[in-house]
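Chemist: Quick one: structure below, then a few questions.
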Amino acid sequence: MCGIVAYIGPKQAYPILLKGLKRLEYRGYDSAGIALIDNGQLKVYKRKGRVAELEEQLTGMPLSSTIGIGHTRWATHGEPSDRNAHPHLSQSGKLAMIHNGIIENYAQLKQELLTQGYHFRSDTDTEVLLNFIENIRHHNQCSLEEAVRIALRRVVGAYVIVLLDADNPHTLIAARKGSPLVIGIGKGEHLLASDASPILEHTKEVVYVNDYQIAIVGADELVLKNLGNERQTPFITRLDMDLAAIEKGGFEHFMLKEIFEQPTTVLDCMRGRLDAYQGRITLSGVEQHLEILTKAQRIIIIACGTSWHAGLVGEYLLETLCRLPVEVEYASEFRYRHPVINPRDVILAISQSGETADTLVAIEKAKESGAFIYGIVNVVGSSIARLSHTGTYTHAGPEIGVASTKAFTAQLTVIALFALRLALARGTISKERFLSLCNDLAALPDKIRHVLDHGPAIAKLAQHYQHATNFLYLGRGYNFPIALEGALKLKEISYIHAEGYPAGEMKHGPIALVDEHLPVVFIATKDALHEKIISNIQEVRARKGRVIAVLTEGDHFTAQFCEACMFVPEIEPLLSPIINVVPLQLLAYYIGVAKGLDVDKPRNLAKSVTVE
């Protein structure tokens, strides 16, 4: 959520900032703005709405500057409006600042400033922090860098801030705690951003800023310090991605592109890790800590949103294959409980971005209690990756669509690899069963490709159901979490209310919703519970519900009870969630498109939730 971009160097800043903001639109936002220093004057341009509206407003204006900051805001304090948009100006007009995160004690700081005669033009916590920094600089007669350091010792909350100083037009000051910040190192220039997407076309050399670090950035110099004013050595990383990965590549939307990338991303997850011919799975994060993992007394999976659904599938896989007790926790709840954590517990932290605020805090708590942290993330160098003892990258590549698709199937693939390798080490699976499942994993990319061939049929089906106001998704066993994920995708993309439920629990409440207007989506592929879910289908039909089902190809018996069907190839039931979610992603996508909605940027949503 929110997007930050900044530039300092020899080039004109405005075009770089504008393109950077467009790269960051996927993160979710409701307003945008830019600040530049031109002839010693700070100039701020901002407005509610899309980046394109800001661009139109600025067309033809003189915007000459080689230093600047830009921001896309996702509202927290104060409604979306021109005055609440970033960047904010200090009361003197000498400082401009952009900010991601939430300052929790802003009200106390604001009251202190009000008593000193400060006035506020916005409702934001950001303007409070900016004026607090200015106030410290004025009273202490210190540098801006020192004022930031003093201020941040008083701040409670999460932040990335970047400041422009009209009196020092050759330096940017930035700081981070709890929200991501990456600095791109070019030739005589530096770029700062929330993630690598605005940086990629300028340089692949980056530094990931750590919590409690302050960056003093000039065109030719980067200095990192901690809050104790001690210099830190920047660790330079090379980005392993291409510009094509963040372009649409001929698809109408990023979401559709990413759905169709899944055969490749699942294969990339397994590349170098799965050797089906030899019957071998190699995960370096597991191999290096095999004793800890095999002797674990419990696995606790911590995640949010779609990653939490991946964790639920993981619970079934790990308990079935490894015979270990597994708990799946919402990170946002776990962090505020007083959970019982033991040193022999293993925490699986799952996050696409690796920056999810609630998950970060939850694993920090678990780590303090002595638990072993295993991260499953997509973004290399992210905070969760660095905080974990070890882990596995999903290698799904940049996911621009706000609603997660390829990242989810990549997470499921990694979890399956993890569960199988651990089961083999614990001796809870036979060699024959292990070999069989390895072969089934290797077949996944082709099977997903086959599902995608049915895209036109699903698009036609979506036209038929686009006007529904409610959906119910039902699944059993391994596919109950897929019912939750299917419902979430529909909510996110089409704004249709949808509820996911265990099919066996239908009679304990949701059946009251069933009438001739309600589409009920069953994940009813063939497995040990297939006959039971057919009974649930019959119960819905008896009440005139409109049955849509995901079925195994060739299952004509079940198809006769359904109003509409989406077929998938037969696969080992343990791995069926990776296949079965794909038609539900397509259904949500095509319904959203049929309703004329912006499926890449659903309203009110942010790609990476870096605040509570």
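Following the order of the structure tokens, chains are lettered A, B, ..., residues in each are numbered from 1, and ligands are numbered from 1.
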Please provide as JSON, numbers by chain all residues within 7 Å of Arg543 (chain A), with the sequence filter that same-chain residues fewer than 2 positions apart are discarded (counting only C-alpha atoms).

Modeler: {"A": [514, 515, 539, 540, 541, 545]}

Chemist: Include C-alpha atoms and write out the residues we just selected as a PDB file, in the first residue's frame.

Modeler:
```pdb
ATOM      1  CA  VAL A 514     -29.768 -20.934  -1.033  1.00  0.00           C
ATOM      2  CA  ASP A 515     -32.527 -19.983  -3.454  1.00  0.00           C
ATOM      3  CA  GLU A 539     -29.015 -30.584  -1.287  1.00  0.00           C
ATOM      4  CA  VAL A 540     -28.426 -27.281  -3.083  1.00  0.00           C
ATOM      5  CA  ARG A 541     -30.309 -28.454  -6.181  1.00  0.00           C
ATOM      6  CA  GLY A 545     -29.653 -23.253  -6.049  1.00  0.00           C
TER       7      GLY A 545
END
```

Chemist: So that I can see what lies close to region 296-304 of chain A, please list as a PDB file with all heavy atoms, in the first residue's frame the residues with an atom at most 7 Å from it, counting only C-alpha atoms and leaving out residues fewer than 6 positions away in the same chain.

Modeler:
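Saved file part18.pdb follows:
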```
ATOM      1  N   GLY A 311      -1.582 -21.365   3.552  1.00  0.00           N
ATOM      2  CA  GLY A 311      -1.235 -22.013   4.810  1.00  0.00           C
ATOM      3  C   GLY A 311      -2.230 -23.087   5.212  1.00  0.00           C
ATOM      4  O   GLY A 311      -1.847 -24.132   5.750  1.00  0.00           O
ATOM      5  N   LEU A 324       2.716 -34.341  11.651  1.00  0.00           N
ATOM      6  CA  LEU A 324       3.061 -33.320  12.631  1.00  0.00           C
ATOM      7  C   LEU A 324       1.824 -32.478  12.947  1.00  0.00           C
ATOM      8  O   LEU A 324       1.028 -32.200  12.043  1.00  0.00           O
ATOM      9  CB  LEU A 324       4.130 -32.382  12.067  1.00  0.00           C
ATOM     10  CG  LEU A 324       5.592 -32.705  12.312  1.00  0.00           C
ATOM     11  CD1 LEU A 324       6.468 -31.793  11.461  1.00  0.00           C
ATOM     12  CD2 LEU A 324       5.948 -32.537  13.780  1.00  0.00           C
ATOM     13  N   PRO A 325       1.653 -32.055  14.200  1.00  0.00           N
ATOM     14  CA  PRO A 325       0.556 -31.120  14.489  1.00  0.00           C
ATOM     15  C   PRO A 325       0.852 -29.760  13.864  1.00  0.00           C
ATOM     16  O   PRO A 325       1.974 -29.250  13.956  1.00  0.00           O
ATOM     17  CB  PRO A 325       0.539 -31.034  16.020  1.00  0.00           C
ATOM     18  CG  PRO A 325       1.884 -31.471  16.461  1.00  0.00           C
ATOM     19  CD  PRO A 325       2.385 -32.435  15.424  1.00  0.00           C
ATOM     20  N   VAL A 326      -0.153 -29.206  13.208  1.00  0.00           N
ATOM     21  CA  VAL A 326       0.017 -27.928  12.500  1.00  0.00           C
ATOM     22  C   VAL A 326      -1.121 -26.990  12.899  1.00  0.00           C
ATOM     23  O   VAL A 326      -2.283 -27.401  12.979  1.00  0.00           O
ATOM     24  CB  VAL A 326       0.005 -28.129  10.967  1.00  0.00           C
ATOM     25  CG1 VAL A 326       0.166 -26.790  10.247  1.00  0.00           C
ATOM     26  CG2 VAL A 326       1.094 -29.098  10.542  1.00  0.00           C
ATOM     27  N   GLU A 327      -0.767 -25.744  13.146  1.00  0.00           N
ATOM     28  CA  GLU A 327      -1.758 -24.698  13.404  1.00  0.00           C
ATOM     29  C   GLU A 327      -1.562 -23.592  12.371  1.00  0.00           C
ATOM     30  O   GLU A 327      -0.429 -23.279  12.007  1.00  0.00           O
ATOM     31  CB  GLU A 327      -1.593 -24.122  14.816  1.00  0.00           C
ATOM     32  CG  GLU A 327      -1.815 -25.144  15.919  1.00  0.00           C
ATOM     33  CD  GLU A 327      -1.520 -24.579  17.298  1.00  0.00           C
ATOM     34  OE1 GLU A 327      -1.451 -23.337  17.430  1.00  0.00           O
ATOM     35  OE2 GLU A 327      -1.339 -25.375  18.228  1.00  0.00           O
ATOM     36  N   VAL A 328      -2.666 -23.026  11.914  1.00  0.00           N
ATOM     37  CA  VAL A 328      -2.603 -21.931  10.942  1.00  0.00           C
ATOM     38  C   VAL A 328      -3.213 -20.700  11.596  1.00  0.00           C
ATOM     39  O   VAL A 328      -4.353 -20.736  12.064  1.00  0.00           O
ATOM     40  CB  VAL A 328      -3.350 -22.272   9.642  1.00  0.00           C
ATOM     41  CG1 VAL A 328      -3.161 -21.163   8.616  1.00  0.00           C
ATOM     42  CG2 VAL A 328      -2.850 -23.599   9.082  1.00  0.00           C
ATOM     43  N   GLU A 329      -2.428 -19.621  11.639  1.00  0.00           N
ATOM     44  CA  GLU A 329      -2.825 -18.425  12.369  1.00  0.00           C
ATOM     45  C   GLU A 329      -2.892 -17.212  11.447  1.00  0.00           C
ATOM     46  O   GLU A 329      -2.006 -17.013  10.604  1.00  0.00           O
ATOM     47  CB  GLU A 329      -1.794 -18.126  13.467  1.00  0.00           C
ATOM     48  CG  GLU A 329      -1.641 -19.224  14.514  1.00  0.00           C
ATOM     49  CD  GLU A 329      -2.650 -19.105  15.629  1.00  0.00           C
ATOM     50  OE1 GLU A 329      -3.485 -18.167  15.577  1.00  0.00           O
ATOM     51  OE2 GLU A 329      -2.603 -19.934  16.558  1.00  0.00           O
ATOM     52  N   TYR A 330      -3.935 -16.402  11.632  1.00  0.00           N
ATOM     53  CA  TYR A 330      -3.921 -15.066  11.052  1.00  0.00           C
ATOM     54  C   TYR A 330      -2.858 -14.261  11.786  1.00  0.00           C
ATOM     55  O   TYR A 330      -2.905 -14.117  13.015  1.00  0.00           O
ATOM     56  CB  TYR A 330      -5.263 -14.363  11.248  1.00  0.00           C
ATOM     57  CG  TYR A 330      -6.351 -14.761  10.293  1.00  0.00           C
ATOM     58  CD1 TYR A 330      -7.517 -15.384  10.752  1.00  0.00           C
ATOM     59  CD2 TYR A 330      -6.259 -14.471   8.939  1.00  0.00           C
ATOM     60  CE1 TYR A 330      -8.542 -15.720   9.882  1.00  0.00           C
ATOM     61  CE2 TYR A 330      -7.285 -14.805   8.058  1.00  0.00           C
ATOM     62  CZ  TYR A 330      -8.418 -15.431   8.539  1.00  0.00           C
ATOM     63  OH  TYR A 330      -9.426 -15.758   7.677  1.00  0.00           O
ATOM     64  N   ALA A 331      -1.901 -13.722  11.062  1.00  0.00           N
ATOM     65  CA  ALA A 331      -0.843 -12.950  11.707  1.00  0.00           C
ATOM     66  C   ALA A 331      -1.406 -11.764  12.481  1.00  0.00           C
ATOM     67  O   ALA A 331      -0.905 -11.417  13.556  1.00  0.00           O
ATOM     68  CB  ALA A 331       0.155 -12.469  10.662  1.00  0.00           C
ATOM     69  N   ARG A 344      10.977 -25.713  20.351  1.00  0.00           N
ATOM     70  CA  ARG A 344      10.961 -26.731  19.305  1.00  0.00           C
ATOM     71  C   ARG A 344       9.833 -26.499  18.291  1.00  0.00           C
ATOM     72  O   ARG A 344       9.590 -27.340  17.436  1.00  0.00           O
ATOM     73  CB  ARG A 344      10.836 -28.131  19.919  1.00  0.00           C
ATOM     74  CG  ARG A 344      12.125 -28.619  20.579  1.00  0.00           C
ATOM     75  CD  ARG A 344      11.945 -29.998  21.167  1.00  0.00           C
ATOM     76  NE  ARG A 344      11.570 -30.981  20.149  1.00  0.00           N
ATOM     77  CZ  ARG A 344      11.046 -32.177  20.435  1.00  0.00           C
ATOM     78  NH1 ARG A 344      10.834 -32.527  21.705  1.00  0.00           N
ATOM     79  NH2 ARG A 344      10.729 -33.008  19.464  1.00  0.00           N
ATOM     80  N   ASP A 345       9.191 -25.352  18.366  1.00  0.00           N
ATOM     81  CA  ASP A 345       8.187 -24.994  17.365  1.00  0.00           C
ATOM     82  C   ASP A 345       8.871 -24.420  16.129  1.00  0.00           C
ATOM     83  O   ASP A 345       9.869 -23.695  16.228  1.00  0.00           O
ATOM     84  CB  ASP A 345       7.209 -23.953  17.918  1.00  0.00           C
ATOM     85  CG  ASP A 345       6.258 -24.528  18.951  1.00  0.00           C
ATOM     86  OD1 ASP A 345       6.058 -25.761  18.951  1.00  0.00           O
ATOM     87  OD2 ASP A 345       5.732 -23.750  19.764  1.00  0.00           O
ATOM     88  N   VAL A 346       8.322 -24.740  14.975  1.00  0.00           N
ATOM     89  CA  VAL A 346       8.780 -24.157  13.715  1.00  0.00           C
ATOM     90  C   VAL A 346       7.676 -23.259  13.182  1.00  0.00           C
ATOM     91  O   VAL A 346       6.519 -23.688  13.065  1.00  0.00           O
ATOM     92  CB  VAL A 346       9.135 -25.244  12.681  1.00  0.00           C
ATOM     93  CG1 VAL A 346       9.374 -24.624  11.308  1.00  0.00           C
ATOM     94  CG2 VAL A 346      10.373 -26.017  13.127  1.00  0.00           C
ATOM     95  N   ILE A 347       8.029 -22.030  12.876  1.00  0.00           N
ATOM     96  CA  ILE A 347       7.080 -21.069  12.311  1.00  0.00           C
ATOM     97  C   ILE A 347       7.295 -21.002  10.806  1.00  0.00           C
ATOM     98  O   ILE A 347       8.400 -20.710  10.346  1.00  0.00           O
ATOM     99  CB  ILE A 347       7.286 -19.662  12.899  1.00  0.00           C
ATOM    100  CG1 ILE A 347       7.224 -19.680  14.432  1.00  0.00           C
ATOM    101  CG2 ILE A 347       6.273 -18.684  12.313  1.00  0.00           C
ATOM    102  CD1 ILE A 347       5.888 -20.028  15.009  1.00  0.00           C
ATOM    103  N   LEU A 348       6.248 -21.301  10.036  1.00  0.00           N
ATOM    104  CA  LEU A 348       6.277 -21.065   8.595  1.00  0.00           C
ATOM    105  C   LEU A 348       5.607 -19.712   8.350  1.00  0.00           C
ATOM    106  O   LEU A 348       4.405 -19.564   8.577  1.00  0.00           O
ATOM    107  CB  LEU A 348       5.517 -22.149   7.831  1.00  0.00           C
ATOM    108  CG  LEU A 348       6.170 -23.505   7.586  1.00  0.00           C
ATOM    109  CD1 LEU A 348       5.318 -24.317   6.636  1.00  0.00           C
ATOM    110  CD2 LEU A 348       7.563 -23.360   7.034  1.00  0.00           C
ATOM    111  N   ALA A 349       6.379 -18.735   7.916  1.00  0.00           N
ATOM    112  CA  ALA A 349       5.846 -17.403   7.619  1.00  0.00           C
ATOM    113  C   ALA A 349       5.693 -17.282   6.109  1.00  0.00           C
ATOM    114  O   ALA A 349       6.674 -17.396   5.378  1.00  0.00           O
ATOM    115  CB  ALA A 349       6.779 -16.328   8.154  1.00  0.00           C
ATOM    116  N   ILE A 350       4.461 -17.060   5.647  1.00  0.00           N
ATOM    117  CA  ILE A 350       4.175 -17.024   4.215  1.00  0.00           C
ATOM    118  C   ILE A 350       3.738 -15.611   3.823  1.00  0.00           C
ATOM    119  O   ILE A 350       2.820 -15.052   4.426  1.00  0.00           O
ATOM    120  CB  ILE A 350       3.079 -18.037   3.832  1.00  0.00           C
ATOM    121  CG1 ILE A 350       3.412 -19.442   4.373  1.00  0.00           C
ATOM    122  CG2 ILE A 350       2.897 -18.085   2.322  1.00  0.00           C
ATOM    123  CD1 ILE A 350       2.305 -20.451   4.169  1.00  0.00           C
ATOM    124  N   SER A 351       4.391 -15.043   2.811  1.00  0.00           N
ATOM    125  CA  SER A 351       4.049 -13.697   2.356  1.00  0.00           C
ATOM    126  C   SER A 351       4.578 -13.504   0.944  1.00  0.00           C
ATOM    127  O   SER A 351       5.736 -13.817   0.676  1.00  0.00           O
ATOM    128  CB  SER A 351       4.663 -12.638   3.284  1.00  0.00           C
ATOM    129  OG  SER A 351       4.590 -11.347   2.732  1.00  0.00           O
ATOM    130  N   THR A 359       2.504  -9.959   9.655  1.00  0.00           N
ATOM    131  CA  THR A 359       3.317 -11.175   9.640  1.00  0.00           C
ATOM    132  C   THR A 359       4.709 -10.898  10.192  1.00  0.00           C
ATOM    133  O   THR A 359       5.275 -11.707  10.938  1.00  0.00           O
ATOM    134  CB  THR A 359       3.396 -11.746   8.212  1.00  0.00           C
ATOM    135  OG1 THR A 359       2.063 -11.927   7.712  1.00  0.00           O
ATOM    136  CG2 THR A 359       4.124 -13.078   8.187  1.00  0.00           C
TER     137      THR A 359
END
```

Chemist: Let's see if you can do this: from backbone DSSP, list all strand (DSSP E) residues in region 50-240 of chain A, as a PyMOL selection string.

Modeler: chain A and resi 67-73+88-89+95-103+157-165+172-177+182-185+190-193+205-208+213-217+222-226+231-232+236-238

Chemist: Write the residues of the selection above to a file with C-alpha atoms, as an mmCIF file, in the first residue's frame.

Modeler:
```
data_model
loop_
_atom_site.group_PDB
_atom_site.id
_atom_site.type_symbol
_atom_site.label_atom_id
_atom_site.label_comp_id
_atom_site.auth_asym_id
_atom_site.auth_seq_id
_atom_site.Cartn_x
_atom_site.Cartn_y
_atom_site.Cartn_z
ATOM 1 C CA ILE A 67 15.811 16.184 -7.610
ATOM 2 C CA GLY A 68 12.311 15.211 -6.557
ATOM 3 C CA ILE A 69 9.984 12.909 -4.640
ATOM 4 C CA GLY A 70 6.702 11.254 -5.662
ATOM 5 C CA HIS A 71 3.987 9.358 -3.848
ATOM 6 C CA THR A 72 0.806 7.373 -4.332
ATOM 7 C CA ARG A 73 -1.301 7.472 -1.154
ATOM 8 C CA HIS A 88 3.233 17.489 2.421
ATOM 9 C CA LEU A 89 4.908 20.834 3.012
ATOM 10 C CA LEU A 95 10.606 20.925 3.736
ATOM 11 C CA ALA A 96 8.529 18.454 1.745
ATOM 12 C CA MET A 97 7.977 14.853 2.812
ATOM 13 C CA ILE A 98 6.367 11.625 1.621
ATOM 14 C CA HIS A 99 5.546 8.813 4.003
ATOM 15 C CA ASN A 100 4.377 5.210 3.992
ATOM 16 C CA GLY A 101 3.110 3.726 7.249
ATOM 17 C CA ILE A 102 1.234 4.935 10.315
ATOM 18 C CA ILE A 103 2.510 7.168 13.136
ATOM 19 C CA GLY A 157 4.609 3.192 14.505
ATOM 20 C CA ALA A 158 5.811 2.199 11.055
ATOM 21 C CA TYR A 159 7.294 4.438 8.433
ATOM 22 C CA VAL A 160 9.316 5.058 5.367
ATOM 23 C CA ILE A 161 9.941 8.768 4.937
ATOM 24 C CA VAL A 162 11.795 10.731 2.260
ATOM 25 C CA LEU A 163 12.438 14.462 2.722
ATOM 26 C CA LEU A 164 13.335 17.299 0.358
ATOM 27 C CA ASP A 165 14.980 20.408 1.812
ATOM 28 C CA LEU A 172 17.588 13.487 0.003
ATOM 29 C CA ILE A 173 17.061 12.226 3.557
ATOM 30 C CA ALA A 174 15.207 8.931 3.998
ATOM 31 C CA ALA A 175 14.497 6.576 6.888
ATOM 32 C CA ARG A 176 12.734 3.285 7.396
ATOM 33 C CA LYS A 177 11.042 1.190 10.049
ATOM 34 C CA VAL A 182 15.063 0.141 -1.753
ATOM 35 C CA ILE A 183 17.740 2.449 -3.169
ATOM 36 C CA GLY A 184 18.917 2.045 -6.750
ATOM 37 C CA ILE A 185 22.539 2.923 -7.465
ATOM 38 C CA HIS A 190 20.249 7.400 -7.060
ATOM 39 C CA LEU A 191 16.597 6.331 -7.066
ATOM 40 C CA LEU A 192 14.553 5.478 -3.996
ATOM 41 C CA ALA A 193 11.357 3.437 -4.118
ATOM 42 C CA GLU A 205 22.277 -2.458 -8.418
ATOM 43 C CA VAL A 206 20.230 -1.848 -5.255
ATOM 44 C CA VAL A 207 20.529 -1.507 -1.499
ATOM 45 C CA TYR A 208 17.679 -2.646 0.760
ATOM 46 C CA GLN A 213 18.432 3.171 9.289
ATOM 47 C CA ILE A 214 18.680 6.704 7.887
ATOM 48 C CA ALA A 215 19.905 7.222 4.332
ATOM 49 C CA ILE A 216 21.635 10.439 3.295
ATOM 50 C CA VAL A 217 21.517 10.374 -0.495
ATOM 51 C CA LEU A 222 24.970 7.125 -0.333
ATOM 52 C CA VAL A 223 25.521 7.138 3.415
ATOM 53 C CA LEU A 224 23.609 4.843 5.760
ATOM 54 C CA LYS A 225 23.490 5.471 9.504
ATOM 55 C CA ASN A 226 21.580 4.012 12.420
ATOM 56 C CA ARG A 231 27.687 4.638 9.819
ATOM 57 C CA GLN A 232 26.515 1.365 8.305
ATOM 58 C CA ILE A 236 24.637 -3.944 -2.669
ATOM 59 C CA THR A 237 22.405 -6.565 -4.298
ATOM 60 C CA ARG A 238 21.864 -7.199 -7.999
#
```

Chemist: Compile the contact shell of region 493-501 of chain A as number ranges by chain: residues with an atom at most 6 Å away, counting only C-alpha atoms, same-chain residues fewer than 6 positions apart removed.

Modeler: A: 469-474, 483-484, 487, 592, 599

Chemist: One number please: CA of Glu399 (chain A) to CA of Ile373 (chain A), in Å, one decimal.

Modeler: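 Going from CA of Glu399 (chain A) over to CA of Ile373 (chain A), I get 24.3 Å.
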
Chemist: Excluding His77 (chain A) and residues on its chain fewer than 6 positions from it, collect all residues at most 10 Å away from it, counting only C-alpha atoms, and give them as a PyMOL selection string.

Modeler: chain A and resi 84+102-103+122-126

Chemist: Could the residues in this selection be saved with N, CA and C atoms as a PDB file, in the first residue's frame?

Modeler:
```pdb
ATOM      1  N   ASN A  84      -5.100  16.010   1.555  1.00  0.00           N
ATOM      2  CA  ASN A  84      -4.480  14.919   2.300  1.00  0.00           C
ATOM      3  C   ASN A  84      -3.459  14.141   1.469  1.00  0.00           C
ATOM      4  N   ILE A 102       2.136   4.262   9.377  1.00  0.00           N
ATOM      5  CA  ILE A 102       1.234   4.935  10.315  1.00  0.00           C
ATOM      6  C   ILE A 102       2.032   5.373  11.538  1.00  0.00           C
ATOM      7  N   ILE A 103       1.902   6.651  11.906  1.00  0.00           N
ATOM      8  CA  ILE A 103       2.510   7.168  13.136  1.00  0.00           C
ATOM      9  C   ILE A 103       1.449   7.071  14.238  1.00  0.00           C
ATOM     10  N   SER A 122      -3.793  19.526   6.626  1.00  0.00           N
ATOM     11  CA  SER A 122      -4.364  18.214   6.287  1.00  0.00           C
ATOM     12  C   SER A 122      -4.784  17.488   7.556  1.00  0.00           C
ATOM     13  N   ASP A 123      -5.361  16.304   7.360  1.00  0.00           N
ATOM     14  CA  ASP A 123      -5.764  15.461   8.494  1.00  0.00           C
ATOM     15  C   ASP A 123      -4.745  14.354   8.746  1.00  0.00           C
ATOM     16  N   THR A 124      -3.592  14.399   8.123  1.00  0.00           N
ATOM     17  CA  THR A 124      -2.699  13.251   8.098  1.00  0.00           C
ATOM     18  C   THR A 124      -1.712  13.236   9.263  1.00  0.00           C
ATOM     19  N   ASP A 125      -1.278  12.031   9.605  1.00  0.00           N
ATOM     20  CA  ASP A 125      -0.192  11.865  10.566  1.00  0.00           C
ATOM     21  C   ASP A 125       1.137  12.291   9.952  1.00  0.00           C
ATOM     22  N   THR A 126       1.217  12.234   8.631  1.00  0.00           N
ATOM     23  CA  THR A 126       2.442  12.585   7.927  1.00  0.00           C
ATOM     24  C   THR A 126       2.812  14.051   8.130  1.00  0.00           C
TER      25      THR A 126
END
```

Chemist: May I have a table of the residues of region 356-433 of chain A lying at most 12 Å from region 475-482 of chain A, giving each one's closest pair of atoms and their distance in Å to one decimal, counting only C-alpha atoms, ordered by chain and ascending residue number, as CSV?

Modeler:
```
residue,atom,partner,partner_atom,distance
A:Phe408,CA,A:Ile482,CA,10.6
A:Thr409,CA,A:Ile482,CA,10.9
A:Leu412,CA,A:Ile482,CA,11.1
```

Chemist: Using only C-alpha atoms, pick whichever of A:Val377, A:Leu317, A:Cys562, A:Ala443 has the shortest atom-to-atom distance to Pro398 (chain A).

Modeler: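 Of all the options, A:Val377 lies closest to Pro398 (chain A).
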
Chemist: Using only C-alpha atoms for the distances, tell me which of A:Leu283, A:Leu114, A:Arg421, A:Ala6 is nearest to Pro198 (chain A).

Modeler: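 Counting only C-alpha atoms, the residue closest to Pro198 (chain A) is A:Ala6.
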
Chemist: Which residue gives the smallest distance to Ala425 (chain A) among A:Glu287, A:Asp600, A:Glu146, A:Asp440, with only C-alpha atoms counted?

Modeler: A:Glu287

Chemist: Could you please write out, as a ChimeraX atom specification, every residue of region 6-67 of chain A that DSSP assigns to helix (DSSP H, G or I)?

Modeler: /A:13-23,25-27,51-58

Chemist: Near Ser353 (chain A), counting only C-alpha atoms, which residues have an atom at most 7 Å away, once you skip same-chain residues fewer than 3 positions from it, shown as a ChimeraX atom specification?

Modeler: /A:356,377-379,608

Chemist: Lys460 (chain A): which residues within 12 Å, counting only C-alpha atoms, same-chain residues fewer than 3 positions away excluded, as a PyMOL selection string?

Modeler: chain A and resi 454-457+463-466+564-566+586-587+589-591+593-594

Chemist: Could you write out the selected residues, including N, CA and C atoms, as a short mmCIF file (atom, residue, chain, number, x, y, z; two decimals), in the first residue's frame?

Modeler:
```cif
data_model
loop_
_atom_site.label_atom_id
_atom_site.label_comp_id
_atom_site.auth_asym_id
_atom_site.auth_seq_id
_atom_site.Cartn_x
_atom_site.Cartn_y
_atom_site.Cartn_z
N HIS A 454 -9.12 -23.74 -21.37
CA HIS A 454 -10.58 -23.59 -21.22
C HIS A 454 -10.98 -22.14 -20.93
N GLY A 455 -10.02 -21.21 -21.03
CA GLY A 455 -10.31 -19.81 -20.73
C GLY A 455 -11.50 -19.24 -21.48
N PRO A 456 -11.62 -19.44 -22.79
CA PRO A 456 -12.78 -18.88 -23.51
C PRO A 456 -14.12 -19.40 -23.00
N ALA A 457 -14.17 -20.67 -22.62
CA ALA A 457 -15.42 -21.23 -22.09
C ALA A 457 -15.77 -20.61 -20.74
N GLN A 463 -20.05 -14.29 -18.30
CA GLN A 463 -21.07 -13.39 -18.82
C GLN A 463 -22.44 -13.73 -18.24
N HIS A 464 -22.65 -15.02 -18.03
CA HIS A 464 -23.96 -15.50 -17.56
C HIS A 464 -24.20 -15.16 -16.10
N TYR A 465 -23.11 -15.02 -15.32
CA TYR A 465 -23.26 -14.85 -13.87
C TYR A 465 -22.82 -13.47 -13.37
N GLN A 466 -22.52 -12.55 -14.27
CA GLN A 466 -21.97 -11.27 -13.85
C GLN A 466 -22.94 -10.43 -13.03
N ALA A 564 -23.61 -25.41 -14.57
CA ALA A 564 -22.40 -25.08 -15.35
C ALA A 564 -21.22 -25.82 -14.75
N CYS A 565 -20.26 -26.16 -15.59
CA CYS A 565 -19.09 -26.92 -15.14
C CYS A 565 -17.80 -26.30 -15.67
N MET A 566 -16.75 -26.42 -14.88
CA MET A 566 -15.39 -26.07 -15.30
C MET A 566 -14.54 -27.31 -15.04
N LEU A 586 -9.81 -17.57 -13.09
CA LEU A 586 -10.33 -17.12 -14.38
C LEU A 586 -11.78 -16.65 -14.27
N LEU A 587 -12.58 -17.36 -13.50
CA LEU A 587 -13.98 -16.97 -13.32
C LEU A 587 -14.07 -15.59 -12.70
N TYR A 589 -11.77 -13.23 -12.70
CA TYR A 589 -11.23 -12.26 -13.65
C TYR A 589 -12.27 -11.90 -14.70
N TYR A 590 -12.87 -12.91 -15.33
CA TYR A 590 -13.79 -12.62 -16.43
C TYR A 590 -15.09 -11.98 -15.95
N ILE A 591 -15.53 -12.27 -14.73
CA ILE A 591 -16.71 -11.58 -14.19
C ILE A 591 -16.37 -10.11 -13.96
N VAL A 593 -14.13 -8.32 -15.52
CA VAL A 593 -14.04 -7.67 -16.83
C VAL A 593 -15.42 -7.43 -17.42
N ALA A 594 -16.31 -8.43 -17.28
CA ALA A 594 -17.67 -8.29 -17.81
C ALA A 594 -18.41 -7.13 -17.15
#
```

Chemist: Between A:Gln41, A:Ser284, A:Thr76, A:Ser382, which is the closest to Gly93 (chain A) once you count only C-alpha atoms?

Modeler: A:Gln41
